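Pasted below: model-v6.cif, mmCIF, C-alpha atoms.
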data_query
#
loop_
_atom_site.label_atom_id
_atom_site.label_comp_id
_atom_site.auth_asym_id
_atom_site.auth_seq_id
_atom_site.Cartn_x
_atom_site.Cartn_y
_atom_site.Cartn_z
CA MET A 53 -43.82 -56.54 39.95
CA ILE A 54 -41.90 -53.37 40.67
CA ASP A 55 -43.07 -50.22 38.92
CA LEU A 56 -39.96 -48.34 37.77
CA GLY A 57 -41.85 -45.05 37.74
CA ASP A 58 -42.86 -45.42 41.43
CA VAL A 59 -39.29 -46.23 42.40
CA LEU A 60 -37.94 -43.15 40.64
CA GLU A 61 -40.57 -40.90 42.23
CA GLU A 62 -39.78 -42.24 45.70
CA TYR A 63 -36.03 -41.79 45.13
CA SER A 64 -36.56 -38.21 43.95
CA ALA A 65 -38.71 -37.39 46.97
CA ARG A 66 -36.07 -38.69 49.38
CA GLY A 67 -33.34 -36.80 47.52
CA ALA A 68 -35.31 -33.58 47.71
CA GLU A 69 -35.77 -33.78 51.50
CA GLY A 70 -33.64 -31.15 53.12
CA ALA A 71 -32.40 -29.80 49.80
CA ASP A 72 -33.08 -26.21 50.84
CA ARG A 73 -31.03 -26.73 54.02
CA ARG A 74 -28.10 -28.39 52.22
CA PHE A 75 -27.88 -25.93 49.37
CA GLY A 76 -28.25 -22.98 51.73
CA ASP A 77 -25.11 -24.00 53.63
CA PRO A 78 -22.26 -21.51 52.86
CA LYS A 79 -19.66 -24.28 52.38
CA THR A 80 -21.91 -26.14 49.97
CA ARG A 81 -22.66 -22.99 47.97
CA ALA A 82 -18.93 -22.16 47.73
CA ALA A 83 -18.15 -25.69 46.52
CA ILE A 84 -20.86 -25.46 43.87
CA ARG A 85 -19.53 -22.12 42.64
CA GLU A 86 -16.02 -23.55 42.36
CA ARG A 87 -17.26 -26.58 40.37
CA VAL A 88 -19.18 -24.30 37.98
CA ALA A 89 -16.13 -22.07 37.47
CA HIS A 90 -13.95 -25.13 36.87
CA GLY A 91 -16.41 -26.40 34.29
CA LYS A 92 -16.40 -23.05 32.51
CA ARG A 93 -12.58 -22.99 32.41
CA ARG A 94 -12.50 -26.48 30.87
CA ALA A 95 -15.16 -25.51 28.33
CA ASN A 96 -13.27 -22.38 27.31
CA LEU A 97 -10.03 -24.33 26.95
CA THR A 98 -11.80 -26.88 24.76
CA VAL A 99 -13.13 -24.11 22.51
CA ILE A 100 -9.67 -22.51 22.18
CA VAL A 101 -7.98 -25.84 21.35
CA ALA A 102 -10.69 -26.62 18.82
CA ALA A 103 -10.30 -23.20 17.22
CA PHE A 104 -6.55 -23.66 16.82
CA ALA A 105 -7.12 -27.12 15.40
CA VAL A 106 -9.49 -25.69 12.78
CA ILE A 107 -7.02 -22.93 11.90
CA GLY A 108 -4.24 -25.49 11.54
CA VAL A 109 -6.29 -27.68 9.23
CA SER A 110 -7.41 -24.71 7.17
CA ALA A 111 -3.88 -23.40 6.81
CA GLY A 112 -2.61 -26.78 5.68
CA ALA A 113 -5.38 -27.32 3.17
CA TRP A 114 -6.09 -23.85 1.83
CA ALA A 115 -3.06 -21.69 2.74
CA GLU A 116 -3.51 -18.33 4.44
CA PRO A 117 -7.00 -16.83 4.54
CA ILE A 118 -7.61 -13.76 2.42
CA ILE A 119 -7.78 -10.64 4.58
CA ALA A 120 -8.43 -7.13 3.36
CA ALA A 121 -5.20 -5.15 3.47
CA ASP A 122 -4.89 -2.03 5.57
CA PRO A 123 -3.59 0.52 3.04
CA ALA A 124 -1.98 2.65 5.73
CA HIS A 125 0.06 -0.26 7.08
CA PRO A 126 1.47 -2.61 4.43
CA SER A 127 2.09 -6.07 5.78
CA PRO A 128 5.22 -7.65 4.33
CA THR A 129 7.05 -10.14 6.51
CA PRO A 130 9.42 -8.17 8.78
CA ASN A 131 13.13 -9.05 8.82
CA ALA A 132 12.71 -11.32 5.80
CA PRO A 133 15.84 -13.06 4.48
CA ALA A 134 17.53 -11.50 1.47
CA ALA A 135 16.78 -14.53 -0.69
CA SER A 136 14.95 -17.83 -0.30
CA PRO A 137 16.41 -21.21 -1.17
CA VAL A 138 15.56 -22.07 -4.74
CA ASP A 139 13.92 -25.35 -3.80
CA HIS A 140 11.48 -23.50 -1.52
CA LEU A 141 10.14 -21.26 -4.28
CA PRO A 142 6.93 -22.33 -6.02
CA ALA A 143 7.35 -23.48 -9.60
CA LEU A 144 5.52 -22.15 -12.64
CA ASP A 145 1.94 -23.48 -12.74
CA ALA A 146 2.09 -24.60 -9.08
CA PRO A 147 -1.01 -23.60 -7.05
CA ASN A 148 0.96 -21.04 -4.99
CA TYR A 149 3.00 -19.60 -7.87
CA LEU A 150 0.58 -16.71 -8.47
CA VAL A 151 -0.71 -14.04 -6.11
CA GLU A 152 -4.32 -13.69 -4.94
CA MET A 153 -6.32 -10.47 -4.95
CA THR A 154 -7.26 -9.22 -1.47
CA GLY A 155 -8.92 -5.90 -2.24
CA ALA A 156 -9.45 -3.14 -4.78
CA TYR A 157 -10.05 0.59 -5.13
CA ARG A 158 -12.13 1.78 -8.08
CA ALA A 159 -12.37 5.34 -9.34
CA SER A 160 -13.86 7.24 -12.25
CA GLU A 161 -11.01 9.78 -12.27
CA THR A 162 -7.50 9.13 -13.57
CA LEU A 163 -5.32 7.52 -10.92
CA THR A 164 -1.77 8.60 -10.12
CA CYS A 165 1.24 6.73 -8.80
CA ASN A 166 1.18 8.60 -5.50
CA ILE A 167 -2.22 7.21 -4.59
CA ILE A 168 -1.17 3.57 -4.95
CA PRO A 169 0.20 3.06 -1.39
CA ILE A 170 -2.69 4.90 0.31
CA ALA A 171 -5.70 3.83 -1.77
CA PRO A 172 -8.53 2.64 0.54
CA MET A 173 -8.98 -1.00 -0.39
CA ALA A 174 -12.31 -2.79 -0.24
CA ALA A 175 -12.50 -6.56 0.12
CA GLU A 176 -15.35 -7.24 -2.29
CA ASP A 177 -16.42 -10.10 -4.47
CA TYR A 178 -15.59 -9.55 -8.11
CA PRO A 179 -16.43 -11.48 -11.27
CA SER A 180 -14.06 -14.31 -12.11
CA ALA A 181 -12.21 -12.05 -14.53
CA GLY A 182 -11.21 -9.78 -11.67
CA SER A 183 -9.35 -12.58 -9.92
CA ILE A 184 -6.97 -13.46 -12.77
CA PRO A 185 -3.59 -13.01 -11.03
CA PRO A 186 -1.25 -10.64 -12.89
CA LEU A 187 1.91 -11.38 -10.85
CA PRO A 188 3.90 -14.33 -9.49
CA THR A 189 4.55 -14.60 -5.77
CA TRP A 190 8.29 -14.12 -6.39
CA ILE A 191 10.24 -12.02 -8.90
CA GLU A 192 13.90 -12.30 -9.86
CA SER A 193 15.67 -8.93 -9.70
CA ASP A 194 17.68 -9.62 -12.87
CA ARG A 195 14.45 -10.01 -14.85
CA ILE A 196 13.75 -6.38 -13.96
CA TYR A 197 17.22 -4.85 -14.33
CA GLY A 198 18.85 -7.28 -16.76
CA LEU A 199 22.14 -9.14 -16.58
CA ALA A 200 25.16 -8.25 -18.70
CA ASN A 201 25.77 -10.58 -21.64
CA VAL A 202 22.82 -12.77 -20.63
CA LEU A 203 19.56 -10.87 -20.94
CA ALA A 204 18.22 -7.37 -21.43
CA PRO A 205 16.42 -5.29 -18.75
CA ASN A 206 12.68 -5.85 -18.19
CA TYR A 207 13.07 -9.46 -19.32
CA PRO A 208 9.66 -11.24 -19.42
CA ILE A 209 8.48 -12.97 -16.24
CA PRO A 210 6.40 -16.12 -16.80
CA LEU A 211 2.83 -16.17 -15.44
CA TYR A 212 0.94 -18.98 -17.15
CA GLY A 213 2.55 -21.87 -19.00
CA ARG A 214 0.81 -22.79 -22.23
CA ASP A 215 1.15 -26.53 -21.62
CA GLY A 216 1.06 -26.73 -17.83
CA SER A 217 -1.46 -24.23 -16.51
CA GLN A 218 -5.13 -25.16 -16.37
CA ASN A 219 -5.92 -21.41 -16.31
CA PHE A 220 -3.92 -20.55 -19.43
CA GLY A 221 -7.02 -20.41 -21.65
CA LEU A 222 -8.93 -18.27 -19.15
CA ALA A 223 -6.00 -15.90 -18.68
CA LEU A 224 -5.47 -15.72 -22.44
CA ASN A 225 -8.98 -14.28 -22.74
CA GLU A 226 -9.18 -12.15 -19.60
CA ILE A 227 -5.76 -10.53 -19.19
CA PRO A 228 -6.02 -8.50 -22.44
CA GLN A 229 -9.37 -7.18 -21.17
CA LEU A 230 -8.17 -6.36 -17.66
CA TYR A 231 -4.69 -5.14 -18.65
CA PRO A 232 -4.96 -3.92 -22.27
CA LYS A 233 -1.96 -2.65 -24.22
CA ASP A 234 -3.36 0.87 -24.51
CA ALA A 235 -3.86 1.20 -20.73
CA GLU A 236 -1.40 2.65 -18.23
CA ILE A 237 -0.45 -0.31 -16.02
CA VAL A 238 1.85 0.15 -13.03
CA VAL A 239 2.96 -2.54 -10.58
CA ALA A 240 3.99 -1.09 -7.20
CA LEU A 241 5.95 -3.06 -4.61
CA ILE A 242 5.61 -1.55 -1.12
CA ALA A 243 8.12 -2.28 1.65
CA GLU A 244 7.33 -2.45 5.35
CA ASP A 245 8.97 0.92 6.02
CA GLY A 246 6.73 2.63 3.45
CA SER A 247 9.28 2.76 0.64
CA TRP A 248 7.83 1.69 -2.69
CA TRP A 249 8.97 1.12 -6.25
CA GLY A 250 6.81 1.49 -9.37
CA PHE A 251 7.21 -0.53 -12.58
CA ASP A 252 5.47 -0.11 -15.90
CA ALA A 253 3.92 -3.45 -16.81
CA ARG A 254 3.27 -5.07 -20.17
CA TYR A 255 1.48 -8.39 -20.69
CA GLN A 256 2.07 -10.55 -23.73
CA VAL A 257 1.89 -14.10 -25.08
CA ILE A 258 5.30 -15.44 -26.13
CA TYR A 259 5.75 -18.83 -27.75
CA ALA A 260 9.55 -18.82 -28.22
CA MET A 261 11.71 -17.98 -25.20
CA PRO A 262 15.35 -19.06 -24.74
CA HIS A 263 14.98 -19.91 -21.06
CA ASP A 264 11.24 -20.32 -20.41
CA PRO A 265 8.42 -22.46 -21.80
CA PRO A 266 5.76 -20.78 -23.98
CA GLY A 267 3.05 -18.92 -22.14
CA ILE A 268 1.79 -15.57 -20.87
CA PHE A 269 4.43 -13.19 -19.52
CA VAL A 270 4.65 -9.80 -17.81
CA SER A 271 7.57 -7.41 -18.31
CA LEU A 272 8.39 -4.92 -15.55
CA THR A 273 10.26 -1.71 -16.45
CA PRO A 274 11.31 0.62 -13.60
CA ASP A 275 9.30 3.86 -13.67
CA ALA A 276 11.66 6.64 -12.60
CA ASP A 277 8.73 8.94 -11.72
CA CYS A 278 6.79 6.38 -9.68
CA HIS A 279 8.42 5.76 -6.32
CA GLY A 280 8.31 6.90 -2.70
CA GLY A 281 9.63 6.48 0.80
CA PRO A 282 13.12 6.87 2.29
CA ARG A 283 14.85 4.23 0.14
CA ALA A 284 13.05 4.36 -3.21
CA THR A 285 14.87 7.25 -4.85
CA ASN A 286 15.00 7.89 -8.58
CA GLY A 287 16.97 5.13 -10.27
CA SER A 288 17.44 2.99 -7.15
CA HIS A 289 17.13 -0.77 -7.53
CA ILE A 290 14.58 -2.54 -5.37
CA PRO A 291 16.43 -4.65 -2.77
CA PRO A 292 15.55 -8.31 -2.20
CA GLY A 293 12.86 -8.93 0.38
CA HIS A 294 9.10 -9.11 0.92
CA TYR A 295 6.70 -6.48 -0.44
CA ASP A 296 3.01 -5.73 -0.73
CA ALA A 297 2.04 -5.77 -4.42
CA ARG A 298 -0.52 -3.43 -5.94
CA VAL A 299 -1.42 -2.96 -9.58
CA MET A 300 -2.81 0.33 -10.94
CA VAL A 301 -4.69 0.40 -14.25
CA ASN A 302 -5.78 3.60 -16.01
CA ARG A 303 -7.95 2.66 -18.99
CA THR A 304 -9.08 4.53 -22.08
CA ASP A 305 -12.50 2.83 -22.02
CA ILE A 306 -15.19 2.63 -19.33
CA ALA A 307 -15.84 -1.11 -19.39
CA TYR A 308 -14.01 -1.76 -16.12
CA GLY A 309 -13.04 1.73 -14.97
CA ASN A 310 -9.75 2.75 -13.38
CA VAL A 311 -8.64 0.53 -10.53
CA ILE A 312 -5.89 -0.27 -8.03
CA LYS A 313 -5.86 -3.89 -6.93
CA ASP A 314 -4.09 -5.32 -3.91
CA PHE A 315 -2.42 -8.71 -4.40
CA GLY A 316 -0.79 -9.38 -1.04
CA GLU A 317 2.83 -10.38 -0.64
CA VAL A 318 5.50 -10.77 -3.33
CA GLU A 319 9.13 -11.68 -2.71
CA VAL A 320 11.97 -10.15 -4.72
CA ILE A 321 14.79 -12.67 -5.21
CA THR A 322 18.41 -11.83 -6.02
CA GLY A 323 19.68 -12.97 -9.42
CA LEU A 324 18.01 -15.56 -11.66
CA PRO A 325 17.43 -18.78 -9.72
CA SER A 326 14.93 -19.99 -12.32
CA PHE A 327 17.60 -20.18 -15.02
CA PRO A 328 19.51 -23.48 -15.15
CA SER A 329 22.64 -21.92 -16.68
CA PRO A 330 25.31 -21.35 -14.01
CA ASN A 331 26.41 -18.07 -15.63
CA ALA A 332 22.90 -16.67 -15.39
CA THR A 333 22.95 -16.13 -11.62
CA LYS A 334 24.95 -13.88 -9.35
#

Using structure tokens, write down the structure from this file.
Amino acid sequence: MIDLGDVLEEYSARGAEGADRRFGDPKTRAAIRERVAHGKRRANLTVIVAAFAVIGVSAGAWAEPIIAADPAHPSPTPNAPAASPVDHLPALDAPNYLVEMTGAYRASETLTCNIIPIAPMAAEDYPSAGSIPPLPTWIESDRIYGLANVLAPNYPIPLYGRDGSQNFGLALNEIPQLYPKDAEIVVALIAEDGSWWGFDARYQVIYAMPHDPPGIFVSLTPDADCHGGPRATNGSHIPPGHYDARVMVNRTDIAYGNVIKDFGEVEVITGLPSFPSPNATK
């Protein structure tokens, strides 16, 4: 009977004979180096392809990852179109209808409008209350400035539908604590060129609206003293496009302190595409 162990030992011994001579040959050594380098190139390519595959899956399933904003360089989409097709905009209570917080700046002193665009943001974990989004990902310009014979300026913008949003109850409890009526609340929209527009914000629950379902709303009123950059002069209307959104809150209590929160990108849309009435759009 053949002993497999003896056979393997004999084969190994024969294979080892002259190994030092063969592997010392310059041509053999060069060939080995080339095969190793080739293997490394294939391995690196595999890692890169796998990384892009993971990013693609993550983007499809979870949308863009949250990245701390660089306050010195706002990151709206450059050369964005003036308005997006209505059917591409997220609907109220859709998962991507509201913004997500990416960072915050907390201070014990009273904050001013001028610090909003340059506040050093920190990407930290906050309690669940800190993540209640206070803005939609798109805002109709006529809800800010009004539309003659249709609606008044600073017309309420829907945030959470009473009957459709699973977070309505949570927001109903947390928004009055985070954005109380007696606090100074300013929403700033920062353009890529550094221009920015400030709006006084007010949050309220409204159960009877002519064009919107009941829910939680925010009203934005242009703040003539809160603006900056080459385009945002006193009284100028914010043009349609993509902006970085930050919310400043100066409170009268010390429960949460004064804070500026960064909420990533918001798009300003021309007119009122959310209104079904044909005379309610430009």

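Closest approach to Val320 (chain A) among A:Thr189, A:Asn219, A:Thr164, A:Ser247: A:Thr189, based on all atoms listed in the file.
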
Output, as lines of an AutoDock Vina configuration file, the centre and edge lengths in Å (one decimal) of the axis-aligned box that contains all listed atoms of region 260-269 of chain A with 3 Å of margin on each side.
center_x = 8.6
center_y = -17.8
center_z = -23.9
size_x = 19.6
size_y = 15.3
size_z = 14.7

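Take the candidates A:Arg298, A:His289, A:Arg303, A:Arg254 and check each one against Ser193 (chain A) using all atoms listed in the file; the shortest distance goes to A:His289.
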
I want to know what sits within 8 Å of region 142-159 of chain A, based on only C-alpha atoms, with residues of the same chain fewer than 2 positions away left out; could you give that as a PyMOL selection string? chain A and resi 118-121+139-140+161-163+171-176+183+185-190+210-213+216-217+309-318

What do you get, as JSON, numbers by chain, if you spell out every residue that the PyMOL selection byres ((chain A and resi 224) around 12) selects here? {"A": [181, 184, 185, 186, 211, 212, 213, 214, 217, 218, 219, 220, 221, 222, 223, 225, 226, 227, 228, 229, 230, 231, 232, 255, 256, 257, 258, 267, 268, 269]}

What's the 10 Å shell around Leu203 (chain A), counting all atoms listed in the file, without same-chain residues fewer than 5 positions away, as an MDAnalysis selection string? chainID A and resid 194:195 197:198 262 332

Please provide the set of residues having any atom within 6 Å of Ile321 (chain A), restricted to all atoms listed in the file, with same-chain residues fewer than 6 positions apart removed, written as a PyMOL selection string. chain A and resi 135+191-193+292

Residues matched by the PyMOL selection byres ((chain A and resi 294) around 6), written as a PyMOL selection string: chain A and resi 128+293+295+318-319

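Candidate residues A:Pro169, A:Gly250, A:Gly323, A:Gly287 were compared for distance to Leu272 (chain A), and the nearest is A:Gly250, using only C-alpha atoms.
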